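Student: Have a look at this one.
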Amino acid sequence: MKLVISIVNNEDSAVVATALTKENFTVTKLSTTGGFLMVGNTTFLIGTEDEKVQRVKDIIQKYSHTRKHTATTTNSFGRGFDEGALQQEVTVGGATVFVLGVDEMEKY
Ligand code: 2BA
C-alpha cells in the first residue's frame with residue numbers, strides 16, 4: 001500500500017478531488033500554505049494499493065495546471081524596499097506528488 005501526498009493549486013483542487021472520488025479513491029483534502037509564496041494551496045492524502053498509484057498520478061496530472069504567480073515572497077524578507085525586492089514571478093505547479101510506502105492501515 002502507498003500514501004500519495006500531492007500539493008495542488010487551490011484553483012484545481014475541486015476538480016482533482018471530484019475526479020479522484022469519481023474513480024472510488026478515498027481522499028483527504030487539507031488546506032495548506034506554500035512556504036515560498038505564503039499563499040494557500042491544497043494538499044491531498046490518498047491511501048491506495050500499489051497498482052493504483054499510477055492512475056492517481058495520471059488524474060492529478062490531467063487536472064493540475066501550471067500558473068505564473070507574482071507575489072511577495074519570503075526571499076524578499078530583510079531586503080528592504082529596493083525596487084523589485086518585494087515582488088517575484090514564479091511558475092507554480094501543476095502539482096507536486098510524493099509517494100510513500102505504508103506499513104499498516106487500519107480502520108476501526
Ligand atoms: P511554495 O513553497 O509557495 O512555492 C511556489 C513556487 O515558488 C514553486 O512552485 C516554485 O516554482 C517556486 N519556489 C519554491 N521555493 C522556491 C525557492 N526556494 N526559490 C525559488 N523559487 C521557489 P512548485 O514547485 O510548483 O511548488 C508549489 C507548492 O508545492 C509549493 O508552494 C509548496 O507548497 C509545495 N512544494 C513543492 N515542492 C515541495 C517540496 N519539495 N517539499 C514540500 N512542499 C513542496
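How things are named: the first chain in the C-alpha cells is A, the next is B, and so on; residues count from 1 in each chain; ligands count from 1 in the order shown.
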Taking only C-alpha atoms and all ligand atoms into account, report as a PDB file with N, CA, C and O atoms, in the first residue's frame which residues have an atom no farther than 7 Å from an atom of ligand 1.
Tutor:
```pdb
ATOM      1  N   ILE A   7       0.462  18.168  -3.591  1.00  0.00           N
ATOM      2  CA  ILE A   7       0.177  19.587  -3.361  1.00  0.00           C
ATOM      3  C   ILE A   7      -0.293  20.180  -4.677  1.00  0.00           C
ATOM      4  O   ILE A   7       0.403  20.091  -5.696  1.00  0.00           O
ATOM      5  N   VAL A   8      -1.486  20.742  -4.649  1.00  0.00           N
ATOM      6  CA  VAL A   8      -2.191  21.175  -5.857  1.00  0.00           C
ATOM      7  C   VAL A   8      -2.629  22.622  -5.672  1.00  0.00           C
ATOM      8  O   VAL A   8      -2.938  23.059  -4.555  1.00  0.00           O
ATOM      9  N   THR A  33      -0.401  25.921   3.097  1.00  0.00           N
ATOM     10  CA  THR A  33       0.198  27.170   2.636  1.00  0.00           C
ATOM     11  C   THR A  33       1.615  26.893   2.160  1.00  0.00           C
ATOM     12  O   THR A  33       2.393  26.252   2.881  1.00  0.00           O
ATOM     13  N   GLY A  34       1.949  27.351   0.956  1.00  0.00           N
ATOM     14  CA  GLY A  34       3.304  27.179   0.436  1.00  0.00           C
ATOM     15  C   GLY A  34       4.285  28.058   1.201  1.00  0.00           C
ATOM     16  O   GLY A  34       3.997  29.228   1.469  1.00  0.00           O
ATOM     17  N   GLY A  35       5.415  27.496   1.548  1.00  0.00           N
ATOM     18  CA  GLY A  35       6.392  28.223   2.362  1.00  0.00           C
ATOM     19  C   GLY A  35       7.100  29.329   1.605  1.00  0.00           C
ATOM     20  O   GLY A  35       7.645  30.254   2.211  1.00  0.00           O
ATOM     21  N   PHE A  36       7.105  29.269   0.271  1.00  0.00           N
ATOM     22  CA  PHE A  36       7.809  30.286  -0.515  1.00  0.00           C
ATOM     23  C   PHE A  36       6.908  31.472  -0.822  1.00  0.00           C
ATOM     24  O   PHE A  36       7.223  32.608  -0.478  1.00  0.00           O
ATOM     25  N   LEU A  37       5.773  31.218  -1.434  1.00  0.00           N
ATOM     26  CA  LEU A  37       4.850  32.308  -1.783  1.00  0.00           C
ATOM     27  C   LEU A  37       3.972  32.722  -0.612  1.00  0.00           C
ATOM     28  O   LEU A  37       3.394  33.807  -0.628  1.00  0.00           O
ATOM     29  N   MET A  38       3.831  31.825   0.363  1.00  0.00           N
ATOM     30  CA  MET A  38       2.949  32.072   1.513  1.00  0.00           C
ATOM     31  C   MET A  38       1.501  32.279   1.067  1.00  0.00           C
ATOM     32  O   MET A  38       0.793  33.126   1.635  1.00  0.00           O
ATOM     33  N   VAL A  39       1.107  31.570   0.004  1.00  0.00           N
ATOM     34  CA  VAL A  39      -0.305  31.607  -0.389  1.00  0.00           C
ATOM     35  C   VAL A  39      -0.883  30.197  -0.256  1.00  0.00           C
ATOM     36  O   VAL A  39      -0.148  29.202  -0.258  1.00  0.00           O
ATOM     37  N   ASN A  41      -2.575  26.648  -0.736  1.00  0.00           N
ATOM     38  CA  ASN A  41      -2.701  25.589  -1.732  1.00  0.00           C
ATOM     39  C   ASN A  41      -3.423  24.427  -1.049  1.00  0.00           C
ATOM     40  O   ASN A  41      -3.872  24.556   0.094  1.00  0.00           O
ATOM     41  N   VAL A  90       6.957  33.585 -10.264  1.00  0.00           N
ATOM     42  CA  VAL A  90       7.392  32.187 -10.303  1.00  0.00           C
ATOM     43  C   VAL A  90       6.336  31.348 -11.016  1.00  0.00           C
ATOM     44  O   VAL A  90       5.160  31.723 -11.081  1.00  0.00           O
ATOM     45  N   THR A  91       6.779  30.231 -11.553  1.00  0.00           N
ATOM     46  CA  THR A  91       5.841  29.276 -12.143  1.00  0.00           C
ATOM     47  C   THR A  91       5.458  28.270 -11.075  1.00  0.00           C
ATOM     48  O   THR A  91       6.320  27.634 -10.473  1.00  0.00           O
ATOM     49  N   VAL A  92       4.159  28.146 -10.838  1.00  0.00           N
ATOM     50  CA  VAL A  92       3.662  27.250  -9.791  1.00  0.00           C
ATOM     51  C   VAL A  92       2.954  26.068 -10.427  1.00  0.00           C
ATOM     52  O   VAL A  92       2.125  26.232 -11.322  1.00  0.00           O
ATOM     53  N   GLY A  93       3.278  24.879  -9.950  1.00  0.00           N
ATOM     54  CA  GLY A  93       2.571  23.671 -10.379  1.00  0.00           C
ATOM     55  C   GLY A  93       2.953  23.218 -11.767  1.00  0.00           C
ATOM     56  O   GLY A  93       4.020  23.561 -12.241  1.00  0.00           O
ATOM     57  N   GLY A  94       2.032  22.435 -12.312  1.00  0.00           N
ATOM     58  CA  GLY A  94       0.768  21.811 -11.892  1.00  0.00           C
ATOM     59  C   GLY A  94       0.746  21.280 -10.476  1.00  0.00           C
ATOM     60  O   GLY A  94       0.239  21.967  -9.598  1.00  0.00           O
ATOM     61  N   ALA A  95       1.274  20.073 -10.199  1.00  0.00           N
ATOM     62  CA  ALA A  95       1.161  19.501  -8.872  1.00  0.00           C
ATOM     63  C   ALA A  95       2.509  18.911  -8.466  1.00  0.00           C
ATOM     64  O   ALA A  95       3.288  18.518  -9.318  1.00  0.00           O
ATOM     65  N   THR A  96       2.727  18.885  -7.159  1.00  0.00           N
ATOM     66  CA  THR A  96       3.903  18.186  -6.618  1.00  0.00           C
ATOM     67  C   THR A  96       3.396  16.922  -5.951  1.00  0.00           C
ATOM     68  O   THR A  96       2.452  16.974  -5.148  1.00  0.00           O
TER      69      THR A  96
END
```
Student: Fewer than 3 positions away in the same chain doesn't count, so skip those; otherwise give me all residues within 9 Å of Met105 in chain A, counting only C-alpha atoms, as an MDAnalysis selection string.
Tutor: chainID A and resid 1 47 102
Student: For Thr18 in chain A, which of A:Tyr63, A:Leu100, A:Tyr108, A:Ala71 is the closest residue, counting only C-alpha atoms?
Tutor: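 Nearest to Thr18 in chain A: A:Tyr63.
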Student: Chain A: which residues are helix (DSSP H, G or I) by DSSP, as a PyMOL selection string?
Tutor: chain A and resi 10-22+50-63+74-76
Student: Any idea what the distance is between CA of Thr48 in chain A and CA of Val16 in chain A?
Tutor: 15.9 Å
Student: One decimal, in Å: what's the spacing between CA of Thr28 in chain A and CA of Leu45 in chain A?
Tutor: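 Calculated distance between CA of Thr28 in chain A and CA of Leu45 in chain A is 5.0 Å.
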Student: Among chain A, which ones does DSSP assign to strand (DSSP E) (computed from the backbone)? Answer as a PDB file with C-alpha atoms, in the first residue's frame.
Tutor:
```
ATOM      1  CA  LYS A   2       1.090   3.579  -0.671  1.00  0.00           C
ATOM      2  CA  LEU A   3       0.211   7.034   0.573  1.00  0.00           C
ATOM      3  CA  VAL A   4       0.185   9.639  -2.174  1.00  0.00           C
ATOM      4  CA  ILE A   5       0.701  13.188  -0.916  1.00  0.00           C
ATOM      5  CA  SER A   6       0.011  15.800  -3.541  1.00  0.00           C
ATOM      6  CA  ILE A   7       0.177  19.587  -3.361  1.00  0.00           C
ATOM      7  CA  VAL A   8      -2.191  21.175  -5.857  1.00  0.00           C
ATOM      8  CA  ASN A   9      -3.184  24.742  -6.730  1.00  0.00           C
ATOM      9  CA  VAL A  27      -9.186  11.374  -0.466  1.00  0.00           C
ATOM     10  CA  THR A  28      -8.407  13.705   2.410  1.00  0.00           C
ATOM     11  CA  LYS A  29      -8.078  17.341   1.447  1.00  0.00           C
ATOM     12  CA  LEU A  30      -6.015  19.671   3.642  1.00  0.00           C
ATOM     13  CA  SER A  31      -5.842  23.449   3.421  1.00  0.00           C
ATOM     14  CA  THR A  32      -2.133  24.253   3.316  1.00  0.00           C
ATOM     15  CA  THR A  33       0.198  27.170   2.636  1.00  0.00           C
ATOM     16  CA  GLY A  40      -2.876  28.880   0.092  1.00  0.00           C
ATOM     17  CA  ASN A  41      -2.701  25.589  -1.732  1.00  0.00           C
ATOM     18  CA  THR A  42      -4.336  22.196  -1.229  1.00  0.00           C
ATOM     19  CA  THR A  43      -2.651  19.014  -0.052  1.00  0.00           C
ATOM     20  CA  PHE A  44      -4.316  15.696  -0.836  1.00  0.00           C
ATOM     21  CA  LEU A  45      -3.688  12.486   1.108  1.00  0.00           C
ATOM     22  CA  ILE A  46      -4.676   9.398  -0.859  1.00  0.00           C
ATOM     23  CA  GLY A  47      -4.105   5.906   0.518  1.00  0.00           C
ATOM     24  CA  THR A  48      -4.270   3.274  -2.201  1.00  0.00           C
ATOM     25  CA  ARG A  67       0.367  29.094 -13.470  1.00  0.00           C
ATOM     26  CA  LYS A  68       2.528  32.178 -13.219  1.00  0.00           C
ATOM     27  CA  HIS A  69       2.272  33.836  -9.851  1.00  0.00           C
ATOM     28  CA  THR A  70       3.602  37.216  -8.831  1.00  0.00           C
ATOM     29  CA  ALA A  71       3.772  37.678  -5.109  1.00  0.00           C
ATOM     30  CA  GLN A  88       8.845  37.934  -7.822  1.00  0.00           C
ATOM     31  CA  GLU A  89       7.198  35.974 -10.615  1.00  0.00           C
ATOM     32  CA  VAL A  90       7.392  32.187 -10.303  1.00  0.00           C
ATOM     33  CA  THR A  91       5.841  29.276 -12.143  1.00  0.00           C
ATOM     34  CA  VAL A  92       3.662  27.250  -9.791  1.00  0.00           C
ATOM     35  CA  ALA A  95       1.161  19.501  -8.872  1.00  0.00           C
ATOM     36  CA  THR A  96       3.903  18.186  -6.618  1.00  0.00           C
ATOM     37  CA  VAL A  97       3.492  14.492  -5.805  1.00  0.00           C
ATOM     38  CA  PHE A  98       5.185  12.339  -3.161  1.00  0.00           C
ATOM     39  CA  VAL A  99       4.584   8.575  -2.943  1.00  0.00           C
ATOM     40  CA  LEU A 100       5.327   6.945   0.428  1.00  0.00           C
ATOM     41  CA  GLY A 101       5.260   3.304   1.461  1.00  0.00           C
TER      42      GLY A 101
END
```
Student: Identify which of the residues A:Glu106, A:Leu20, A:Gln87, A:Thr26 lies closest to Arg55 in chain A, counting only C-alpha atoms when measuring atom-to-atom distances.
Tutor: A:Leu20
Student: So how many Å separate CA of Lys62 in chain A and CA of Ala19 in chain A, to one decimal?
Tutor: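 Separation of CA of Lys62 in chain A and CA of Ala19 in chain A: 9.7 Å.
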Student: So, with only C-alpha atoms as the atoms that count, which of A:Thr66, A:Glu104, A:Lys52, A:Ile59 lies closest to Lys22 in chain A?
Tutor: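 Going through A:Thr66, A:Glu104, A:Lys52, A:Ile59 one by one, the smallest distance to Lys22 in chain A is for A:Ile59.
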